[in-house]
$ cat run-v3.pdb   # PDB, C-alpha atoms, pLDDT in the B column
ATOM      1  CA  ASP A   1      98.328  98.909  92.432  1.00 63.00           C
ATOM      2  CA  THR A   2      98.617 100.439  95.908  1.00 67.00           C
ATOM      3  CA  GLU A   3      97.416  97.402  97.782  1.00 91.00           C
ATOM      4  CA  VAL A   4      98.868  95.692 100.811  1.00 96.00           C
ATOM      5  CA  THR A   5      97.225  92.321 101.351  1.00 97.00           C
ATOM      6  CA  GLN A   6      97.049  90.717 104.779  1.00 97.00           C
ATOM      7  CA  THR A   7      95.933  87.169 105.532  1.00 97.00           C
ATOM      8  CA  PRO A   8      94.047  85.881 107.354  1.00 97.00           C
ATOM      9  CA  LYS A   9      91.481  88.599 108.067  1.00 96.00           C
ATOM     10  CA  HIS A  10      90.531  86.958 111.361  1.00 97.00           C
ATOM     11  CA  LEU A  11      92.421  84.515 113.576  1.00 97.00           C
ATOM     12  CA  VAL A  12      91.492  82.824 116.815  1.00 96.00           C
ATOM     13  CA  MET A  13      94.218  80.940 118.637  1.00 94.00           C
ATOM     14  CA  GLY A  14      94.885  79.356 121.978  1.00 91.00           C
ATOM     15  CA  MET A  15      97.807  80.304 124.177  1.00 90.00           C
ATOM     16  CA  THR A  16      99.737  77.166 123.202  1.00 90.00           C
ATOM     17  CA  ASN A  17      99.210  77.496 119.448  1.00 91.00           C
ATOM     18  CA  LYS A  18     101.676  78.573 116.797  1.00 95.00           C
ATOM     19  CA  LYS A  19     100.294  80.655 113.966  1.00 96.00           C
ATOM     20  CA  SER A  20     101.558  83.106 111.360  1.00 97.00           C
ATOM     21  CA  LEU A  21     100.269  86.321 109.870  1.00 98.00           C
ATOM     22  CA  LYS A  22     101.135  87.116 106.277  1.00 98.00           C
ATOM     23  CA  CYS A  23     101.529  90.398 104.447  1.00 98.00           C
ATOM     24  CA  GLU A  24     102.187  90.941 100.752  1.00 97.00           C
ATOM     25  CA  GLN A  25     102.789  93.975  98.556  1.00 96.00           C
ATOM     26  CA  HIS A  26     103.739  94.338  94.903  1.00 93.00           C
ATOM     27  CA  MET A  27     104.492  98.049  94.801  1.00 92.00           C
ATOM     28  CA  GLY A  28     108.242  97.531  94.878  1.00 91.00           C
ATOM     29  CA  HIS A  29     108.466  99.064  98.340  1.00 91.00           C
ATOM     30  CA  ARG A  30     111.615  98.180 100.253  1.00 90.00           C
ATOM     31  CA  ALA A  31     110.384  99.044 103.750  1.00 91.00           C
ATOM     32  CA  MET A  32     107.738  96.983 105.517  1.00 94.00           C
ATOM     33  CA  TYR A  33     106.189  97.393 108.950  1.00 95.00           C
ATOM     34  CA  TRP A  34     104.164  95.564 111.592  1.00 97.00           C
ATOM     35  CA  TYR A  35     101.871  97.495 113.913  1.00 97.00           C
ATOM     36  CA  LYS A  36      99.605  96.423 116.747  1.00 97.00           C
ATOM     37  CA  GLN A  37      96.373  98.310 117.395  1.00 97.00           C
ATOM     38  CA  LYS A  38      94.097  97.853 120.389  1.00 96.00           C
ATOM     39  CA  ALA A  39      90.506  99.054 120.303  1.00 93.00           C
ATOM     40  CA  LYS A  40      90.137 102.860 120.275  1.00 92.00           C
ATOM     41  CA  LYS A  41      93.925 103.300 120.456  1.00 94.00           C
ATOM     42  CA  PRO A  42      96.422 104.412 117.802  1.00 94.00           C
ATOM     43  CA  PRO A  43      98.589 101.880 115.960  1.00 94.00           C
ATOM     44  CA  GLU A  44     101.805 101.011 117.808  1.00 94.00           C
ATOM     45  CA  LEU A  45     104.920 100.258 115.801  1.00 93.00           C
ATOM     46  CA  MET A  46     106.362  96.783 116.412  1.00 96.00           C
ATOM     47  CA  PHE A  47     108.926  96.061 113.690  1.00 95.00           C
ATOM     48  CA  VAL A  48     110.405  97.662 110.593  1.00 92.00           C
ATOM     49  CA  TYR A  49     112.231  95.870 107.799  1.00 93.00           C
ATOM     50  CA  SER A  50     114.321  97.822 105.339  1.00 90.00           C
ATOM     51  CA  TYR A  51     115.690  95.982 102.308  1.00 91.00           C
ATOM     52  CA  GLU A  52     114.698  92.664 103.922  1.00 93.00           C
ATOM     53  CA  LYS A  53     116.730  93.382 107.054  1.00 93.00           C
ATOM     54  CA  LEU A  54     115.244  94.083 110.455  1.00 94.00           C
ATOM     55  CA  SER A  55     116.005  97.729 111.199  1.00 90.00           C
ATOM     56  CA  ILE A  56     113.658  98.502 114.103  1.00 89.00           C
ATOM     57  CA  ASN A  57     112.360  96.275 116.902  1.00 92.00           C
ATOM     58  CA  GLU A  58     110.353  98.282 119.406  1.00 91.00           C
ATOM     59  CA  SER A  59     111.204  95.965 122.313  1.00 92.00           C
ATOM     60  CA  VAL A  60     108.546  93.497 121.244  1.00 96.00           C
ATOM     61  CA  PRO A  61     108.293  90.247 123.301  1.00 96.00           C
ATOM     62  CA  SER A  62     109.959  87.245 121.702  1.00 96.00           C
ATOM     63  CA  ARG A  63     106.627  85.445 121.330  1.00 96.00           C
ATOM     64  CA  PHE A  64     106.287  87.664 118.233  1.00 98.00           C
ATOM     65  CA  SER A  65     108.846  86.738 115.571  1.00 97.00           C
ATOM     66  CA  PRO A  66     108.977  88.674 112.307  1.00 98.00           C
ATOM     67  CA  GLU A  67     110.353  87.369 109.053  1.00 97.00           C
ATOM     68  CA  CYS A  68     110.920  88.989 105.676  1.00 96.00           C
ATOM     69  CA  PRO A  69     111.567  86.173 103.145  1.00 95.00           C
ATOM     70  CA  ASN A  70     111.758  88.567 100.173  1.00 93.00           C
ATOM     71  CA  SER A  71     111.020  92.154  99.223  1.00 90.00           C
ATOM     72  CA  SER A  72     107.299  91.478  98.723  1.00 95.00           C
ATOM     73  CA  LEU A  73     106.494  89.354 101.756  1.00 97.00           C
ATOM     74  CA  LEU A  74     106.407  89.956 105.485  1.00 98.00           C
ATOM     75  CA  ASN A  75     105.395  87.367 108.063  1.00 98.00           C
ATOM     76  CA  LEU A  76     104.714  87.581 111.767  1.00 98.00           C
ATOM     77  CA  HIS A  77     105.084  84.267 113.595  1.00 98.00           C
ATOM     78  CA  LEU A  78     103.107  83.929 116.800  1.00 97.00           C
ATOM     79  CA  HIS A  79     103.813  81.506 119.628  1.00 95.00           C
ATOM     80  CA  ALA A  80     102.586  81.222 123.196  1.00 94.00           C
ATOM     81  CA  LEU A  81     100.602  84.419 123.037  1.00 94.00           C
ATOM     82  CA  GLN A  82      98.658  85.889 125.916  1.00 95.00           C
ATOM     83  CA  PRO A  83      95.034  87.090 125.907  1.00 95.00           C
ATOM     84  CA  GLU A  84      96.283  90.694 126.123  1.00 96.00           C
ATOM     85  CA  ASP A  85      97.894  90.194 122.708  1.00 97.00           C
ATOM     86  CA  SER A  86      94.434  90.181 121.157  1.00 97.00           C
ATOM     87  CA  ALA A  87      94.359  93.150 118.777  1.00 97.00           C
ATOM     88  CA  LEU A  88      94.282  94.256 115.156  1.00 97.00           C
ATOM     89  CA  TYR A  89      97.672  93.625 113.556  1.00 98.00           C
ATOM     90  CA  LEU A  90      98.459  95.946 110.696  1.00 98.00           C
ATOM     91  CA  CYS A  91     101.095  95.622 108.005  1.00 97.00           C
ATOM     92  CA  ALA A  92     102.363  98.571 105.982  1.00 95.00           C
ATOM     93  CA  SER A  93     104.912  99.231 103.275  1.00 94.00           C
ATOM     94  CA  SER A  94     106.612 102.363 102.058  1.00 91.00           C
ATOM     95  CA  GLN A  95     109.130 103.737  99.626  1.00 82.00           C
ATOM     96  CA  ARG A  96     111.004 106.981 100.012  1.00 70.00           C
ATOM     97  CA  LEU A  97     110.384 109.481  97.254  1.00 64.00           C
ATOM     98  CA  ALA A  98     112.177 112.840  97.304  1.00 60.00           C
ATOM     99  CA  GLY A  99     112.978 112.303 100.979  1.00 59.00           C
ATOM    100  CA  LEU A 100     109.364 111.718 101.988  1.00 67.00           C
ATOM    101  CA  ASN A 101     107.965 108.454 103.285  1.00 77.00           C
ATOM    102  CA  ILE A 102     104.310 107.495 102.722  1.00 86.00           C
ATOM    103  CA  GLN A 103     103.077 104.259 104.252  1.00 90.00           C
ATOM    104  CA  TYR A 104     100.406 102.082 102.676  1.00 93.00           C
ATOM    105  CA  PHE A 105      98.497  99.906 105.113  1.00 96.00           C
ATOM    106  CA  GLY A 106      96.700  96.627 104.779  1.00 97.00           C
ATOM    107  CA  ALA A 107      93.258  96.049 106.293  1.00 96.00           C
ATOM    108  CA  GLY A 108      94.768  94.105 109.160  1.00 97.00           C
ATOM    109  CA  THR A 109      94.352  90.740 110.858  1.00 97.00           C
ATOM    110  CA  ARG A 110      91.966  90.676 113.804  1.00 97.00           C
ATOM    111  CA  LEU A 111      93.599  88.335 116.330  1.00 97.00           C
ATOM    112  CA  SER A 112      91.833  86.825 119.317  1.00 97.00           C
ATOM    113  CA  VAL A 113      93.861  84.841 121.862  1.00 96.00           C
ATOM    114  CA  LEU A 114      91.819  82.567 124.093  1.00 93.00           C
TER     115      LEU A 114
ATOM    116  CA  LEU B 115     110.677 112.029 117.535  1.00 62.00           C
ATOM    117  CA  ALA B 116     108.436 114.997 118.239  1.00 68.00           C
ATOM    118  CA  LYS B 117     105.269 114.248 120.188  1.00 85.00           C
ATOM    119  CA  THR B 118     101.987 115.393 118.687  1.00 92.00           C
ATOM    120  CA  THR B 119      98.858 116.666 120.415  1.00 94.00           C
ATOM    121  CA  GLN B 120      95.434 116.773 118.772  1.00 96.00           C
ATOM    122  CA  PRO B 121      91.872 117.332 119.975  1.00 97.00           C
ATOM    123  CA  ILE B 122      90.344 114.037 121.056  1.00 96.00           C
ATOM    124  CA  SER B 123      87.153 114.539 119.078  1.00 97.00           C
ATOM    125  CA  MET B 124      85.304 116.973 116.838  1.00 97.00           C
ATOM    126  CA  ASP B 125      81.772 117.175 115.495  1.00 97.00           C
ATOM    127  CA  SER B 126      80.718 118.735 112.217  1.00 97.00           C
ATOM    128  CA  TYR B 127      77.817 118.830 109.776  1.00 97.00           C
ATOM    129  CA  GLU B 128      77.750 117.757 106.185  1.00 97.00           C
ATOM    130  CA  GLY B 129      78.956 120.425 103.786  1.00 97.00           C
ATOM    131  CA  GLN B 130      81.037 122.287 106.358  1.00 97.00           C
ATOM    132  CA  GLU B 131      84.782 122.824 106.253  1.00 97.00           C
ATOM    133  CA  VAL B 132      86.616 121.059 109.070  1.00 98.00           C
ATOM    134  CA  ASN B 133      89.981 122.155 110.420  1.00 98.00           C
ATOM    135  CA  ILE B 134      91.916 119.832 112.722  1.00 98.00           C
ATOM    136  CA  THR B 135      94.983 121.322 114.372  1.00 97.00           C
ATOM    137  CA  CYS B 136      97.960 119.304 115.559  1.00 96.00           C
ATOM    138  CA  SER B 137     100.572 120.662 117.950  1.00 95.00           C
ATOM    139  CA  HIS B 138     104.184 119.481 117.613  1.00 93.00           C
ATOM    140  CA  ASN B 139     106.244 121.938 119.643  1.00 92.00           C
ATOM    141  CA  ASN B 140     109.439 119.856 119.532  1.00 89.00           C
ATOM    142  CA  ILE B 141     109.509 119.308 115.789  1.00 89.00           C
ATOM    143  CA  ALA B 142     113.046 118.986 114.429  1.00 86.00           C
ATOM    144  CA  THR B 143     114.489 120.625 111.348  1.00 87.00           C
ATOM    145  CA  ASN B 144     114.401 117.399 109.367  1.00 81.00           C
ATOM    146  CA  ASP B 145     110.900 116.332 110.399  1.00 85.00           C
ATOM    147  CA  TYR B 146     107.995 116.336 107.987  1.00 87.00           C
ATOM    148  CA  ILE B 147     104.286 116.221 108.901  1.00 91.00           C
ATOM    149  CA  THR B 148     101.903 113.525 107.717  1.00 92.00           C
ATOM    150  CA  TRP B 149      98.176 112.983 108.201  1.00 95.00           C
ATOM    151  CA  TYR B 150      96.366 109.653 107.985  1.00 96.00           C
ATOM    152  CA  GLN B 151      92.680 108.745 108.091  1.00 97.00           C
ATOM    153  CA  GLN B 152      91.386 105.536 109.631  1.00 97.00           C
ATOM    154  CA  PHE B 153      87.944 103.957 109.426  1.00 95.00           C
ATOM    155  CA  PRO B 154      86.889 101.218 111.897  1.00 90.00           C
ATOM    156  CA  SER B 155      88.493  97.822 111.216  1.00 86.00           C
ATOM    157  CA  GLN B 156      90.651  99.215 108.402  1.00 92.00           C
ATOM    158  CA  GLY B 157      94.266 100.278 108.163  1.00 95.00           C
ATOM    159  CA  PRO B 158      95.150 103.980 108.149  1.00 96.00           C
ATOM    160  CA  ARG B 159      95.068 105.705 104.783  1.00 95.00           C
ATOM    161  CA  PHE B 160      97.480 108.472 103.772  1.00 93.00           C
ATOM    162  CA  ILE B 161      95.844 111.861 103.311  1.00 95.00           C
ATOM    163  CA  ILE B 162      98.548 114.473 102.947  1.00 94.00           C
ATOM    164  CA  GLN B 163     102.154 115.271 103.817  1.00 91.00           C
ATOM    165  CA  GLY B 164     104.146 118.478 104.014  1.00 91.00           C
ATOM    166  CA  TYR B 165     107.190 120.250 105.356  1.00 90.00           C
ATOM    167  CA  LYS B 166     106.287 123.943 105.360  1.00 90.00           C
ATOM    168  CA  THR B 167     103.721 126.517 104.172  1.00 91.00           C
ATOM    169  CA  LYS B 168     100.737 125.024 102.385  1.00 95.00           C
ATOM    170  CA  VAL B 169     100.158 121.756 100.605  1.00 94.00           C
ATOM    171  CA  THR B 170      96.948 120.898  98.755  1.00 96.00           C
ATOM    172  CA  ASN B 171      95.769 117.748  97.065  1.00 94.00           C
ATOM    173  CA  GLU B 172      92.428 116.492  95.808  1.00 94.00           C
ATOM    174  CA  VAL B 173      91.079 115.642  99.276  1.00 94.00           C
ATOM    175  CA  ALA B 174      92.637 118.069 101.761  1.00 97.00           C
ATOM    176  CA  SER B 175      94.908 120.998 102.481  1.00 97.00           C
ATOM    177  CA  LEU B 176      97.686 121.169 105.031  1.00 97.00           C
ATOM    178  CA  PHE B 177      98.679 124.497 106.518  1.00 97.00           C
ATOM    179  CA  ILE B 178     102.019 124.783 108.305  1.00 97.00           C
ATOM    180  CA  PRO B 179     103.075 128.121 109.868  1.00 96.00           C
ATOM    181  CA  ALA B 180     106.621 129.402 109.636  1.00 95.00           C
ATOM    182  CA  ASP B 181     107.654 128.094 113.073  1.00 95.00           C
ATOM    183  CA  ARG B 182     106.290 124.624 112.189  1.00 95.00           C
ATOM    184  CA  LYS B 183     105.194 124.027 115.796  1.00 95.00           C
ATOM    185  CA  SER B 184     101.687 123.194 114.642  1.00 96.00           C
ATOM    186  CA  SER B 185      99.831 122.181 111.511  1.00 96.00           C
ATOM    187  CA  THR B 186      96.216 122.261 110.413  1.00 97.00           C
ATOM    188  CA  LEU B 187      94.471 119.680 108.271  1.00 98.00           C
ATOM    189  CA  SER B 188      91.595 121.249 106.347  1.00 98.00           C
ATOM    190  CA  LEU B 189      88.832 119.069 104.901  1.00 97.00           C
ATOM    191  CA  PRO B 190      86.550 121.044 102.572  1.00 94.00           C
ATOM    192  CA  ARG B 191      82.812 120.297 102.546  1.00 94.00           C
ATOM    193  CA  VAL B 192      82.824 117.113 104.611  1.00 97.00           C
ATOM    194  CA  SER B 193      80.319 114.325 104.074  1.00 96.00           C
ATOM    195  CA  LEU B 194      79.072 111.531 106.324  1.00 97.00           C
ATOM    196  CA  SER B 195      81.760 109.256 104.879  1.00 96.00           C
ATOM    197  CA  ASP B 196      84.465 111.493 106.343  1.00 97.00           C
ATOM    198  CA  THR B 197      83.547 110.247 109.821  1.00 97.00           C
ATOM    199  CA  ALA B 198      86.815 108.640 110.912  1.00 98.00           C
ATOM    200  CA  VAL B 199      89.867 109.032 113.119  1.00 98.00           C
ATOM    201  CA  TYR B 200      92.519 111.433 111.826  1.00 98.00           C
ATOM    202  CA  TYR B 201      96.132 111.028 112.923  1.00 97.00           C
ATOM    203  CA  CYS B 202      98.908 113.604 112.745  1.00 94.00           C
ATOM    204  CA  LEU B 203     102.438 112.183 112.606  1.00 91.00           C
ATOM    205  CA  VAL B 204     105.842 113.804 112.648  1.00 87.00           C
ATOM    206  CA  GLY B 205     108.684 111.840 111.105  1.00 79.00           C
ATOM    207  CA  ASP B 206     112.343 112.177 110.327  1.00 69.00           C
ATOM    208  CA  ARG B 207     112.799 112.865 106.641  1.00 61.00           C
ATOM    209  CA  ASP B 208     116.469 111.962 106.602  1.00 56.00           C
ATOM    210  CA  THR B 209     115.916 108.446 107.934  1.00 57.00           C
ATOM    211  CA  GLY B 210     112.903 107.874 105.747  1.00 55.00           C
ATOM    212  CA  GLY B 211     110.470 108.268 108.629  1.00 59.00           C
ATOM    213  CA  PHE B 212     110.697 104.576 109.481  1.00 74.00           C
ATOM    214  CA  LYS B 213     110.258 105.099 113.194  1.00 77.00           C
ATOM    215  CA  THR B 214     106.622 106.098 113.077  1.00 79.00           C
ATOM    216  CA  ILE B 215     104.752 107.147 116.192  1.00 83.00           C
ATOM    217  CA  PHE B 216     101.013 107.727 115.946  1.00 88.00           C
ATOM    218  CA  GLY B 217      99.462 110.234 118.311  1.00 86.00           C
ATOM    219  CA  ALA B 218      96.103 109.667 119.968  1.00 92.00           C
ATOM    220  CA  GLY B 219      94.217 110.920 116.892  1.00 96.00           C
ATOM    221  CA  THR B 220      91.093 113.030 116.473  1.00 98.00           C
ATOM    222  CA  ARG B 221      87.728 111.314 116.122  1.00 97.00           C
ATOM    223  CA  LEU B 222      85.703 113.343 113.630  1.00 98.00           C
ATOM    224  CA  PHE B 223      81.950 112.738 113.598  1.00 97.00           C
ATOM    225  CA  VAL B 224      80.042 114.244 110.687  1.00 97.00           C
ATOM    226  CA  LYS B 225      76.321 114.637 111.177  1.00 97.00           C
ATOM    227  CA  ALA B 226      73.584 115.048 108.581  1.00 95.00           C
TER     228      ALA B 226
END

$ encode --input "run-v3.pdb" --output "structure tokens"
Amino acid sequence: DTEVTQTPKHLVMGMTNKKSLKCEQHMGHRAMYWYKQKAKKPPELMFVYSYEKLSINESVPSRFSPECPNSSLLNLHLHALQPEDSALYLCASSQRLAGLNIQYFGAGTRLSVL
Amino acid sequence: LAKTTQPISMDSYEGQEVNITCSHNNIATNDYITWYQQFPSQGPRFIIQGYKTKVTNEVASLFIPADRKSSTLSLPRVSLSDTAVYYCLVGDRDTGGFKTIFGAGTRLFVKA
């Protein structure tokens, strides 16, 4: 099973709402990632968790709050977002093998902020 | 991390071989090279990864010259379903490549 599952697939929220994105993998990977992707642009790294600890935060605004409750789950809590935060949010996981790192991506959550 | 440069777009016809070259002049000794494919509204999908010389798997080949300042993804006999964006990434092998930076990507359009 090489699947990373993201829920929901689509989300519409107002600027005062609080919502969460969920990501799940059962490949035993110990690194998990959040990316943001705008239309016709490459994915941009937001956060990396390694062994359930936050190891990389790419200067993401505090209205995005990641959480890694266990080795299989990754959440992204959203609060007071802006319309420019509308994008495809991608989750990925990876495991180092022989020094190489291959990431497996979910299909993403399409977020619209009104 | 080394920056990558790829052609913005390429066109091809079904059945042809497609070669997409990525430039990474500042690649470090510990960096490896990875290619991903992305279809609209889907997450990127791993294609191939290598460090030097040539790597081949069931879908593609990756050619890396001795100086490692560039790499070429080769897709044999493309079909319409290979129309996608292809990203070249350079990552740090020693740190597991966690800090991942995607380049602009190459939009490949395969015509009938």

$ closest_residue --input "run-v3.pdb" --among "B:Pro121, B:Pro179, B:Gly205, B:Gly157" --to "Ala142 (chain B)" --atoms "only C-alpha atoms"
B:Gly205

$ resolve_selection --input "run-v3.pdb" --expression "the ChimeraX specification (/A :<12) & /B" --output "PyMOL selection string"
chain B and resi 122+144-165+198-221

$ atom_distance --input "run-v3.pdb" --atom1 "CA of Phe177 (chain B)" --atom2 "CA of Ser93 (chain A)"
26.2 Å

$ resolve_selection --input "run-v3.pdb" --expression "the PyMOL selection byres ((chain A and resi 82) around 8)" --output "PyMOL selection string"
chain A and resi 15+80-81+83-86+113-114

$ residues_near_point --input "run-v3.pdb" --point "(94.7, 124.5, 112.6)" --cutoff "9 Å" --atoms "all atoms listed in the file" --output "PDB file with C-alpha atoms, keeping the file's coordinate frame"
ATOM      1  CA  ASN B 133      89.981 122.155 110.420  1.00 98.00           C
ATOM      2  CA  ILE B 134      91.916 119.832 112.722  1.00 98.00           C
ATOM      3  CA  THR B 135      94.983 121.322 114.372  1.00 97.00           C
ATOM      4  CA  CYS B 136      97.960 119.304 115.559  1.00 96.00           C
ATOM      5  CA  SER B 137     100.572 120.662 117.950  1.00 95.00           C
ATOM      6  CA  LEU B 176      97.686 121.169 105.031  1.00 97.00           C
ATOM      7  CA  PHE B 177      98.679 124.497 106.518  1.00 97.00           C
ATOM      8  CA  ILE B 178     102.019 124.783 108.305  1.00 97.00           C
ATOM      9  CA  SER B 184     101.687 123.194 114.642  1.00 96.00           C
ATOM     10  CA  SER B 185      99.831 122.181 111.511  1.00 96.00           C
ATOM     11  CA  THR B 186      96.216 122.261 110.413  1.00 97.00           C
ATOM     12  CA  LEU B 187      94.471 119.680 108.271  1.00 98.00           C
ATOM     13  CA  SER B 188      91.595 121.249 106.347  1.00 98.00           C
TER      14      SER B 188
END

$ closest_residue --input "run-v3.pdb" --among "A:Ser112, A:Ser59, A:Gln25, A:Thr7" --to "Ser72 (chain A)" --atoms "all atoms listed in the file"
A:Gln25

$ resolve_selection --input "run-v3.pdb" --expression "the PyMOL selection byres ((chain B and resi 191) around 8)" --output "list of chain:residue names"
B:Glu128, B:Gly129, B:Gln130, B:Glu131, B:Val132, B:Leu189, B:Pro190, B:Val192, B:Ser193

$ atom_distance --input "run-v3.pdb" --atom1 "CA of Ser71 (chain A)" --atom2 "CA of Leu21 (chain A)"
16.2 Å

$ atom_distance --input "run-v3.pdb" --atom1 "CA of Leu54 (chain A)" --atom2 "CA of Leu74 (chain A)"
10.9 Å

$ axis_aligned_box --input "run-v3.pdb" --around "region 24-40 of chain A" --padding-each-side "6 Å" --output "lines of an AutoDock Vina configuration file"
center_x = 100.9
center_y = 96.9
center_z = 107.6
size_x = 33.5
size_y = 23.9
size_z = 37.6

$ closest_residue --input "run-v3.pdb" --among "A:Arg63, A:Leu111, A:His29, A:Ala87" --to "Thr16 (chain A)" --atoms "all atoms listed in the file"
A:Arg63

$ closest_residue --input "run-v3.pdb" --among "B:Met124, B:Thr197, B:Thr170, B:Arg182" --to "Asn139 (chain B)" --atoms "only C-alpha atoms"
B:Arg182
